[in-house]
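First comes the structure, then the notes that go with it.
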Amino acid sequence: GENVEQHPSTLSVQEGDSAVIKCTYSDSASNYFPWYKQELGKRPQLIIDIRSNVGEKKDQRIAVTLNKTAKHFSLHITETQPEDSAVYFCAASINDYKLSFGAGTTVTVRA
Amino acid sequence: GAGVSQTPSNKVTEKGKYVELRCDPISGHTALYWYRQSLGQGPEFLIYFQGTGAADDSGLPNDRFFAVRPEGSVSTLKIQRTERGDSAVYLCASSTQQGGNEQFFGPGTRLTVL
């Protein structure tokens, strides 16, 4: 089955700086890559997603890039704010419903 | 409108007991998913329903786990003869249809098996 690796496991950034989280996947047939944000004790919420026919997607301060050849995708958060502090999960899917998640990255934004 | 809801929010049981976890999806969502999230890990897929039928149950760890969705709305995840290793947060999600549409997650049920 699909295996998703996520790095780093923890990330501390100064407010206003950028944060980058990287994920790799194993199944070249994967075609859907969502990113979820989970605040402490709360449910995961989708923040951005990308399909395999697109190389990059941006939504305000967040962007995702996809390299199908290398089988990796990344989340970029610019101008980080304290409310960006959370656990971020990448995921990949080959069939649009079964999401395989990474282990998560705990992001801390220092004021 | 109301999001995905799950009950109970917490469940403590003893090893060997039977438990049922309930999920109420967003109204009109035909697809429903169950995931299990262990501490410090990402959610792990268990089962996917399209309507009333389980379209993919490949993530269920063994035959102690079973899920139903008899009317295509509410779903119940059933765990027999619980083991300590079953302790985790069980998340339910729903979406409008299969096809890469956003999966909306519920708050989860924290199951603790003593």
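Labels used: A, B, ... for chains in the order of the structure tokens, numbers from 1 for residues in each chain, and numbers from 1 for ligands as shown.
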Where in segment 1-105 of chain A does DSSP assign strand (DSSP E or B), given as a VMD selection string?
-> chain A and resid 4 to 7 10 to 14 19 to 25 32 to 38 45 to 51 56 to 59 62 to 67 72 to 77 86 to 93 100 to 101 105
Counting only C-alpha atoms, which residues in chain A sit no more than 7 Å from chain B? For each one, give the nearest pair of atoms and the distance in Å, sorted by chain then residue number, as a tab-separated table.
```
residue	atom	partner	partner_atom	distance
A:Tyr32	CA	B:Gly100	CA	6.7
A:Lys42	CA	B:Pro107	CA	6.1
A:Arg43	CA	B:Pro107	CA	4.8
A:Pro44	CA	B:Phe105	CA	6.2
A:Gln45	CA	B:Phe105	CA	7.0
A:Phe89	CA	B:Gly42	CA	6.7
A:Asp96	CA	B:Gly100	CA	4.4
A:Tyr97	CA	B:Gln98	CA	6.0
A:Lys98	CA	B:Phe45	CA	6.5
A:Leu99	CA	B:Phe45	CA	6.6
A:Ser100	CA	B:Glu44	CA	6.8
A:Phe101	CA	B:Gly42	CA	5.4
A:Gly102	CA	B:Gly42	CA	5.7
A:Ala103	CA	B:Gln41	CA	4.6
A:Gly104	CA	B:Gly42	CA	5.9
```
Within 9 Å of Ile47 of chain A, counting only C-alpha atoms, which residues show up once you throw out same-chain ones fewer than 6 positions away? Write them as a ChimeraX atom specification, please.
-> /A:34-37,59,62
Contacts of segment 75-84 of chain B at 7 Å or less, counting only C-alpha atoms, minus same-chain residues fewer than 5 places along, as a list in words?
->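 Answer for this query is Lys15, Gly16, Lys17, Tyr18, Val19, Glu20, Leu21, Arg22, Cys23, Asp24, Arg64, Phe65, Phe66, Ala67, Val68, Arg69, Val113 and Leu114 of chain B.
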Selected residues written out with N, CA and C atoms, as a CSV table (one decimal), in the first residue's frame:
```
chain,number,residue,atom,x,y,z
B,15,LYS,N,-10.7,-4.4,29.1
B,15,LYS,CA,-10.3,-5.4,28.1
B,15,LYS,C,-11.3,-6.5,28.0
B,16,GLY,N,-11.6,-6.9,26.7
B,16,GLY,CA,-12.6,-7.9,26.5
B,16,GLY,C,-14.0,-7.5,26.3
B,17,LYS,N,-14.3,-6.2,26.6
B,17,LYS,CA,-15.7,-5.7,26.4
B,17,LYS,C,-15.9,-5.3,25.0
B,18,TYR,N,-17.2,-5.1,24.7
B,18,TYR,CA,-17.7,-4.7,23.4
B,18,TYR,C,-18.0,-3.2,23.4
B,19,VAL,N,-17.7,-2.5,22.3
B,19,VAL,CA,-18.0,-1.1,22.3
B,19,VAL,C,-18.6,-0.7,20.9
B,20,GLU,N,-19.4,0.3,20.9
B,20,GLU,CA,-19.9,0.9,19.7
B,20,GLU,C,-19.6,2.4,19.7
B,21,LEU,N,-19.2,2.8,18.6
B,21,LEU,CA,-18.9,4.3,18.4
B,21,LEU,C,-19.7,4.8,17.2
B,22,ARG,N,-20.4,5.9,17.4
B,22,ARG,CA,-21.3,6.4,16.5
B,22,ARG,C,-20.8,7.7,15.7
B,23,CYS,N,-21.2,7.7,14.5
B,23,CYS,CA,-20.8,8.9,13.6
B,23,CYS,C,-22.1,9.4,12.9
B,24,ASP,N,-22.3,10.7,13.0
B,24,ASP,CA,-23.4,11.4,12.3
B,24,ASP,C,-22.7,12.3,11.2
B,64,ARG,N,-12.4,-8.4,14.7
B,64,ARG,CA,-13.1,-7.9,15.9
B,64,ARG,C,-13.7,-6.5,15.5
B,65,PHE,N,-13.3,-6.0,14.4
B,65,PHE,CA,-13.8,-4.6,14.0
B,65,PHE,C,-14.8,-4.8,12.9
B,66,PHE,N,-15.9,-4.1,13.1
B,66,PHE,CA,-17.0,-4.1,12.1
B,66,PHE,C,-17.7,-2.8,12.1
B,67,ALA,N,-18.2,-2.4,10.9
B,67,ALA,CA,-18.9,-1.1,10.8
B,67,ALA,C,-20.1,-1.2,9.9
B,68,VAL,N,-21.1,-0.5,10.3
B,68,VAL,CA,-22.4,-0.5,9.5
B,68,VAL,C,-22.9,0.9,9.2
B,69,ARG,N,-23.7,1.0,8.2
B,69,ARG,CA,-24.3,2.2,7.8
B,69,ARG,C,-25.7,1.9,7.2
B,113,VAL,N,-8.9,1.5,26.5
B,113,VAL,CA,-9.1,0.1,27.0
B,113,VAL,C,-8.2,-0.2,28.1
B,114,LEU,N,-8.8,-0.4,29.3
B,114,LEU,CA,-8.0,-0.7,30.5
B,114,LEU,C,-7.6,-2.1,30.6
```
Excluding Ile94 of chain A and any residue of its chain fewer than 6 positions from it, enumerate the residues within 9 Å of it, using only C-alpha atoms, and give them as a ChimeraX atom specification.
-> /A:2,27-32
